[in-house]
Amino acid sequence: MELRDTQKQLLRTLPGVDTLLDALLAEIPEGKVPRSVLTASAREALEATRRSIFNGEDPTVDLASVLTFAHERIDAKMRPNLTRVVNGTGVVVHTNLGRSLMAEEALERIHAVGNRYSNLEFNLKTGKRGLRYTAVEELICEITGAEAAMVVNNNAGAVLLCLDTLVRGKEAVVSRGELVEIGGAFRIPDVMTKSGGILKEVGTTNRTHLRDYENAISDETGLFLKVHTSNYQIVGFTSAVSVAELAALGKERGIPVMDDLGSGTFVNFGDYGLPAEPTVQQSVAAGADIVTFSGDKLLGGPQSGIIVGSRTHIEAIRKNPLTRALRIDKLTLAALEATLRLYRDEAEAVAKIPTLRMITMDREETEVRAKELMEALAGLPVKTEALALASRPGGGSLPLLELPSCCVGVTLPGMGASAMEKAMRKNDPPIIGRIENEAYILDPRTLQEGDIALIAEALSRIVEART
Ligand SMILES: *Cc1c(COP(=O)(O)O)cnc(C)c1O
């Protein structure tokens with residue numbers, strides 16, 4: 001490409017890296033920013049300016065303008081990449097925004113165990129090596145009624161581990177209505193292949209009967225697998241076989257039954273006026289030999305995969321070498337134990353576990369919060385409107401369920417919803433809302449303490465930047 005004379009002239013006036021670095025060092029107190037960050041930012045600032053010259057943009061290229069650019073790069077590099085955001089989407093278990101918020105009790109335990117040594121794999125009674133699952137096994141059994149339990153890194157890992165242990169080289173019988181794909185490319189048929197099991201599909205998409213499972217039994221059969229259709233529902237002319245029916249057949253024919261509950265809940269949402277999700281307790285009582293579920297979906301704990309079931313199967317799973325590759329870390333274990341302890345008293349769990357509190361929040365409470373938000377924005381030149389909408393539990397839990405919510409539509413004259421969404425997202429901390437019917441919406445259900453003030457500050461900054 002032929003450069004114009006003005007472009008050549010601009011390139012010549014660009015300061016060198018060393019000049020820029022010296023200028024930065026003169027402005028920034030020593031030791032505040034690592035040298036590597038200063039050098040990289042200076043290079044990037046020069047590179048960006050050079051690029052805009054090449055693009056024919058005629059930028060200002062004096063030292064001051066390049067310095068401003070370098071400072072922006074430094075600020076960006078010094079800020080944590082993983083950062084808090086304000087969740088105004090109303091999606092409670094939002095996988096992209098970190099899924100479950102930890103209860104205070106869980107955070108306390110993370111702190112207590114994180115900067116001290118612990119008995120993670122040390123039996124304090126015998127002074128010998130212990131199992132890391134001991135911290136939670138008893139609690140999980142106490143809550144669910146299961147004989148034995150263990151935990152791994154996440155539920156995808158739990159499913160893989162169980163299948164690898166139970167069906168390697170054998171067939172797992174699954175209903176065609178339950179060949180689930182969840183987010184992040186986790187598909188039951190693919191996980192089956194990875195675990196060395198052979199998927200034996202039975203029934204049809206909408207209807208599967210007990211005789212379908214029965215007819216599929218052969219010498220190769222290693223498992224009956226049920227998968228909770230947590231992110232979709234098959235409605236209309238449907239029929240599925242219950243865990244109890246399958247467990248009875250399994251017992252008779254010597255075939256274990258595994259139930260992947262996905263979300264997994266210890267609380268019966270039916271008691272809170274919501275559609276009932278199958279609880280872990282129900283699945284255990286129905287006779288499932290193995291039940292797997294997430295620690296950070298409806299349970300509201302840290303990312304983890306919980307496996308409960310009969311002692312023989314859990315022991316076989318523990319001996320699988322994959323267990324070592326999927327093991328849960330100590331901070332997670334500390335948070336999980338604390339979360340589980342809250343479940344000893346359901347009222348306490350619902351009050352203290354943020355996920356449960358937000359899901360069971362009634363419309364009246366969202367109205368109160370919406371009003372607070374609107375009052376906080378009253379002094380700004382923005383238009384707010386209370387809207388009767390719905391929030392979603394999210395995270396592939398309680399499919400299709402809509403939680404009635406009073407939301408707040410926020411409009412700034414002359415600014416479209418998507419421009420508003422972007423400006424709010426660029427805020428520090430980022431504020432994530434949603435766009436519905438071409439309006440920018442904030443759902444108070446998922447706002448945390450202090451968030452309303454942050455939203456008001458963000459909007460006042462946006463207003464100011466436009467004047
Ligand atoms: C979410 C889900 C999983 C995976 O759980 P993660 O904890 O996200 O790994 C597996 N099976 C079902 C049915 C699920 O809904």
# chains A, B, ... in the order shown; residues from 1 in each chain; ligands from 1
>>> residues_near_ligand(ligand="ligand 1", cutoff="9 Å", atoms="only C-alpha atoms and all ligand atoms", output="JSON, numbers by chain")
{"A": [95, 153, 154, 155, 156, 157, 158, 159, 178, 180, 181, 182, 183, 184, 186, 187, 188, 227, 228, 229, 230, 231, 260, 261, 262, 263, 264, 292, 293, 294, 295, 296, 297, 303, 304, 305, 306, 395, 396, 397]}
>>> residues_around(residues="Phe69 in chain A", least_positions_apart="2", cutoff="9 Å", atoms="only C-alpha atoms", output="ChimeraX atom specification")
/A:41-42,44-46,48-49,64-67,71-74
>>> select_by_dssp(residues="range 44-249 of chain A", states="strand (DSSP E)", output="number ranges by chain")
A: 86-87, 122-123, 128-129, 148-152, 171-175, 181-182, 186-187, 198-202, 221-227
>>> residues_around(residues="range 240-252 of chain A", least_positions_apart="6", cutoff="12 Å", atoms="only C-alpha atoms", output="NGL selection string")
:A and (173-178 or 202-215 or 217 or 221-229 or 233-234 or 258-261 or 278-280 or 282-291)
>>> write_last_selection(atoms="N, CA and C atoms", output="compact mmCIF listing (two decimals), in the first residue's frame")
# COMPACT_ATOMS: atom_id res chain seq x y z
N VAL A 173 -29.21 -48.59 28.75
CA VAL A 173 -30.51 -48.40 28.12
C VAL A 173 -31.06 -47.03 28.51
N VAL A 174 -31.35 -46.20 27.50
CA VAL A 174 -31.85 -44.83 27.74
C VAL A 174 -33.06 -44.58 26.85
N SER A 175 -34.05 -43.90 27.38
CA SER A 175 -35.23 -43.54 26.59
C SER A 175 -34.86 -42.48 25.54
N ARG A 176 -35.45 -42.59 24.35
CA ARG A 176 -35.19 -41.60 23.28
C ARG A 176 -35.66 -40.20 23.68
N GLY A 177 -36.55 -40.14 24.63
CA GLY A 177 -37.04 -38.83 25.09
C GLY A 177 -36.07 -38.16 26.06
N GLU A 178 -34.99 -38.87 26.40
CA GLU A 178 -34.07 -38.33 27.42
C GLU A 178 -32.64 -38.19 26.93
N VAL A 202 -34.19 -46.67 23.59
CA VAL A 202 -35.48 -47.36 23.56
C VAL A 202 -36.63 -46.36 23.54
N GLY A 203 -37.79 -46.83 23.13
CA GLY A 203 -38.97 -45.99 23.11
C GLY A 203 -38.94 -44.99 21.97
N THR A 204 -39.77 -43.97 22.10
CA THR A 204 -39.81 -42.91 21.09
C THR A 204 -39.58 -41.59 21.81
N THR A 205 -39.55 -40.51 21.04
CA THR A 205 -39.29 -39.20 21.64
C THR A 205 -40.34 -38.85 22.69
N ASN A 206 -41.63 -39.12 22.36
CA ASN A 206 -42.66 -38.71 23.30
C ASN A 206 -43.14 -39.80 24.25
N ARG A 207 -42.96 -41.07 23.85
CA ARG A 207 -43.47 -42.14 24.73
C ARG A 207 -42.50 -43.31 24.87
N THR A 208 -42.21 -43.62 26.11
CA THR A 208 -41.39 -44.80 26.40
C THR A 208 -42.07 -45.57 27.52
N HIS A 209 -42.19 -46.89 27.35
CA HIS A 209 -42.89 -47.72 28.32
C HIS A 209 -41.92 -48.67 29.01
N LEU A 210 -42.39 -49.24 30.11
CA LEU A 210 -41.55 -50.17 30.86
C LEU A 210 -41.14 -51.35 29.98
N ARG A 211 -42.10 -51.81 29.12
CA ARG A 211 -41.78 -52.97 28.26
C ARG A 211 -40.65 -52.65 27.28
N ASP A 212 -40.48 -51.36 26.94
CA ASP A 212 -39.37 -50.99 26.05
C ASP A 212 -38.03 -51.30 26.73
N TYR A 213 -37.95 -50.97 28.00
CA TYR A 213 -36.72 -51.26 28.75
C TYR A 213 -36.55 -52.77 28.87
N GLU A 214 -37.65 -53.43 29.18
CA GLU A 214 -37.63 -54.87 29.41
C GLU A 214 -37.15 -55.61 28.15
N ASN A 215 -37.69 -55.20 26.99
CA ASN A 215 -37.33 -55.86 25.73
C ASN A 215 -35.89 -55.61 25.33
N ILE A 217 -33.35 -55.72 27.35
CA ILE A 217 -32.40 -56.43 28.22
C ILE A 217 -31.73 -57.59 27.47
N THR A 221 -26.47 -55.85 28.74
CA THR A 221 -27.03 -54.72 29.49
C THR A 221 -26.28 -54.47 30.79
N GLY A 222 -25.79 -53.23 30.96
CA GLY A 222 -25.05 -52.89 32.18
C GLY A 222 -25.79 -51.90 33.06
N LEU A 223 -26.73 -51.17 32.46
CA LEU A 223 -27.35 -50.07 33.22
C LEU A 223 -28.65 -49.60 32.58
N PHE A 224 -29.60 -49.20 33.45
CA PHE A 224 -30.74 -48.39 33.00
C PHE A 224 -30.41 -46.96 33.39
N LEU A 225 -30.42 -46.09 32.41
CA LEU A 225 -30.09 -44.69 32.71
C LEU A 225 -31.30 -43.80 32.50
N LYS A 226 -31.63 -43.03 33.53
CA LYS A 226 -32.67 -42.00 33.37
C LYS A 226 -31.99 -40.65 33.43
N VAL A 227 -32.38 -39.75 32.52
CA VAL A 227 -31.80 -38.41 32.51
C VAL A 227 -32.94 -37.42 32.67
N HIS A 228 -32.81 -36.56 33.65
CA HIS A 228 -33.87 -35.57 33.85
C HIS A 228 -33.81 -34.55 32.73
N THR A 229 -34.95 -34.35 32.06
CA THR A 229 -34.98 -33.41 30.94
C THR A 229 -35.08 -32.01 31.53
N GLN A 233 -39.16 -29.71 27.92
CA GLN A 233 -40.24 -30.56 28.37
C GLN A 233 -40.90 -31.19 27.15
N ILE A 234 -41.27 -32.42 27.28
CA ILE A 234 -42.05 -33.03 26.21
C ILE A 234 -43.48 -33.03 26.69
N MET A 258 -29.44 -45.76 37.14
CA MET A 258 -28.82 -44.47 37.45
C MET A 258 -29.77 -43.36 37.03
N ASP A 259 -29.87 -42.34 37.87
CA ASP A 259 -30.76 -41.21 37.59
C ASP A 259 -29.92 -39.93 37.59
N ASP A 260 -29.73 -39.34 36.39
CA ASP A 260 -29.02 -38.05 36.34
C ASP A 260 -30.07 -36.96 36.48
N LEU A 261 -30.10 -36.36 37.66
CA LEU A 261 -31.13 -35.35 37.93
C LEU A 261 -30.76 -33.98 37.37
N PRO A 278 -38.28 -32.98 40.57
CA PRO A 278 -38.00 -34.18 41.38
C PRO A 278 -36.86 -33.88 42.35
N THR A 279 -37.03 -34.26 43.60
CA THR A 279 -35.96 -34.01 44.57
C THR A 279 -35.02 -35.21 44.62
N VAL A 280 -33.85 -34.98 45.15
CA VAL A 280 -32.87 -36.06 45.29
C VAL A 280 -33.44 -37.13 46.23
N GLN A 282 -36.47 -37.99 46.71
CA GLN A 282 -37.48 -38.82 46.02
C GLN A 282 -36.81 -39.88 45.17
N SER A 283 -35.76 -39.48 44.46
CA SER A 283 -35.07 -40.42 43.58
C SER A 283 -34.42 -41.54 44.37
N VAL A 284 -33.82 -41.18 45.51
CA VAL A 284 -33.19 -42.19 46.37
C VAL A 284 -34.27 -43.13 46.92
N ALA A 285 -35.38 -42.55 47.40
CA ALA A 285 -36.45 -43.36 47.98
C ALA A 285 -37.09 -44.27 46.92
N ALA A 286 -37.11 -43.79 45.66
CA ALA A 286 -37.70 -44.59 44.59
C ALA A 286 -36.84 -45.79 44.22
N GLY A 287 -35.61 -45.81 44.75
CA GLY A 287 -34.78 -47.00 44.56
C GLY A 287 -33.67 -46.88 43.54
N ALA A 288 -33.36 -45.64 43.08
CA ALA A 288 -32.24 -45.48 42.15
C ALA A 288 -30.95 -45.93 42.83
N ASP A 289 -30.12 -46.66 42.10
CA ASP A 289 -28.86 -47.14 42.69
C ASP A 289 -27.82 -46.04 42.72
N ILE A 290 -27.91 -45.15 41.71
CA ILE A 290 -26.98 -44.03 41.62
C ILE A 290 -27.77 -42.79 41.21
N VAL A 291 -27.55 -41.68 41.90
CA VAL A 291 -28.18 -40.42 41.52
C VAL A 291 -27.07 -39.37 41.40
>>> residues_around(residues="range 417-419 of chain A", least_positions_apart="5", cutoff="9 Å", atoms="only C-alpha atoms", output="count of residues only")
9
>>> select_by_dssp(residues="range 140-277 of chain A", states="helix (DSSP H, G or I)", output="number ranges by chain")
A: 140-144, 155-167, 176-178, 188-194, 210-216, 243-253, 269-272
>>> closest_residue(among="A:Thr446, A:Thr83, A:Thr39, A:Thr193", to="Asp22 in chain A", atoms="only C-alpha atoms")
A:Thr39
>>> residues_around(residues="Asn123 in chain A", least_positions_apart="4", cutoff="12 Å", atoms="only C-alpha atoms", output="list in words")
Ser118, Asn119, Gly127, Lys128, Arg129, Gly130, Leu131, Arg132, Tyr133, Thr134 and Ala135 of chain A
>>> write_last_selection(atoms="N, CA and C atoms", output="PDB file, in the first residue's frame")
ATOM      1  N   SER A 118      -5.367 -27.995  56.520  1.00  0.00           N
ATOM      2  CA  SER A 118      -6.643 -28.588  56.926  1.00  0.00           C
ATOM      3  C   SER A 118      -6.530 -30.110  56.935  1.00  0.00           C
ATOM      4  N   ASN A 119      -7.549 -30.758  57.429  1.00  0.00           N
ATOM      5  CA  ASN A 119      -7.560 -32.229  57.454  1.00  0.00           C
ATOM      6  C   ASN A 119      -8.193 -32.787  56.183  1.00  0.00           C
ATOM      7  N   GLY A 127      -4.714 -40.489  62.731  1.00  0.00           N
ATOM      8  CA  GLY A 127      -3.435 -39.905  62.331  1.00  0.00           C
ATOM      9  C   GLY A 127      -2.953 -40.444  61.000  1.00  0.00           C
ATOM     10  N   LYS A 128      -3.831 -41.142  60.325  1.00  0.00           N
ATOM     11  CA  LYS A 128      -3.447 -41.695  59.018  1.00  0.00           C
ATOM     12  C   LYS A 128      -4.174 -40.957  57.903  1.00  0.00           C
ATOM     13  N   ARG A 129      -3.852 -41.366  56.683  1.00  0.00           N
ATOM     14  CA  ARG A 129      -4.482 -40.760  55.525  1.00  0.00           C
ATOM     15  C   ARG A 129      -6.000 -40.964  55.552  1.00  0.00           C
ATOM     16  N   GLY A 130      -6.725 -39.949  55.167  1.00  0.00           N
ATOM     17  CA  GLY A 130      -8.183 -40.071  55.122  1.00  0.00           C
ATOM     18  C   GLY A 130      -8.705 -39.765  53.728  1.00  0.00           C
ATOM     19  N   LEU A 131     -10.036 -39.781  53.591  1.00  0.00           N
ATOM     20  CA  LEU A 131     -10.664 -39.499  52.298  1.00  0.00           C
ATOM     21  C   LEU A 131     -11.206 -38.076  52.288  1.00  0.00           C
ATOM     22  N   ARG A 132     -11.042 -37.372  51.153  1.00  0.00           N
ATOM     23  CA  ARG A 132     -11.548 -36.002  51.120  1.00  0.00           C
ATOM     24  C   ARG A 132     -13.077 -35.929  51.139  1.00  0.00           C
ATOM     25  N   TYR A 133     -13.732 -37.029  50.791  1.00  0.00           N
ATOM     26  CA  TYR A 133     -15.205 -36.997  50.769  1.00  0.00           C
ATOM     27  C   TYR A 133     -15.821 -37.045  52.157  1.00  0.00           C
ATOM     28  N   THR A 134     -15.004 -37.456  53.146  1.00  0.00           N
ATOM     29  CA  THR A 134     -15.535 -37.615  54.498  1.00  0.00           C
ATOM     30  C   THR A 134     -16.214 -36.340  54.991  1.00  0.00           C
ATOM     31  N   ALA A 135     -15.687 -35.188  54.585  1.00  0.00           N
ATOM     32  CA  ALA A 135     -16.220 -33.906  55.059  1.00  0.00           C
ATOM     33  C   ALA A 135     -17.692 -33.724  54.698  1.00  0.00           C
TER      34      ALA A 135
END
>>> residues_around(residues="Ala376 in chain A", least_positions_apart="5", cutoff="9 Å", atoms="only C-alpha atoms", output="PyMOL selection string")
chain A and resi 371+452-453+455-456
>>> write_last_selection(atoms="N, CA, C and O atoms", output="short mmCIF file (atom, residue, chain, number, x, y, z; two decimals), in the first residue's frame")
data_model
loop_
_atom_site.label_atom_id
_atom_site.label_comp_id
_atom_site.auth_asym_id
_atom_site.auth_seq_id
_atom_site.Cartn_x
_atom_site.Cartn_y
_atom_site.Cartn_z
N LYS A 371 -39.72 -0.64 42.94
CA LYS A 371 -40.03 0.72 43.39
C LYS A 371 -38.76 1.41 43.91
O LYS A 371 -38.50 2.57 43.59
N ILE A 452 -28.53 -1.43 43.42
CA ILE A 452 -29.37 -0.31 42.96
C ILE A 452 -28.56 0.98 42.88
O ILE A 452 -28.64 1.72 41.91
N ALA A 453 -27.70 1.19 43.88
CA ALA A 453 -26.85 2.38 43.86
C ALA A 453 -25.88 2.33 42.68
O ALA A 453 -25.64 3.36 42.03
N ILE A 455 -26.38 0.90 39.83
CA ILE A 455 -27.14 1.16 38.60
C ILE A 455 -27.37 2.66 38.44
O ILE A 455 -27.18 3.23 37.36
N ALA A 456 -27.72 3.31 39.56
CA ALA A 456 -27.95 4.76 39.50
C ALA A 456 -26.67 5.49 39.10
O ALA A 456 -26.70 6.40 38.26
#
>>> residues_around(residues="Gly98 in chain A", least_positions_apart="2", cutoff="12 Å", atoms="only C-alpha atoms", output="list of chain:residue names")
A:Leu82, A:Thr83, A:Arg84, A:Val85, A:Val86, A:Asn87, A:Val91, A:Val92, A:Val93, A:His94, A:Thr95, A:Asn96, A:Ser100, A:Leu101, A:Met102, A:Asp296, A:Lys297, A:Gly300, A:Gly301, A:Pro302, A:Gln303, A:Thr355, A:Gly394, A:Gly395
>>> closest_residue(among="A:Met192, A:Leu11, A:Leu380, A:Leu274", to="Met361 in chain A", atoms="only C-alpha atoms")
A:Leu274
>>> closest_residue(among="A:Gly409, A:Pro404, A:Pro444, A:Gly145", to="Glu385 in chain A", atoms="only C-alpha atoms")
A:Gly409
>>> closest_residue(among="A:Ile353, A:Leu377, A:Ala316, A:Cys406", to="Leu298 in chain A", atoms="only C-alpha atoms")
A:Ile353
>>> atom_distance(atom1="CA of Glu457 in chain A", atom2="CA of Glu372 in chain A")
14.5 Å
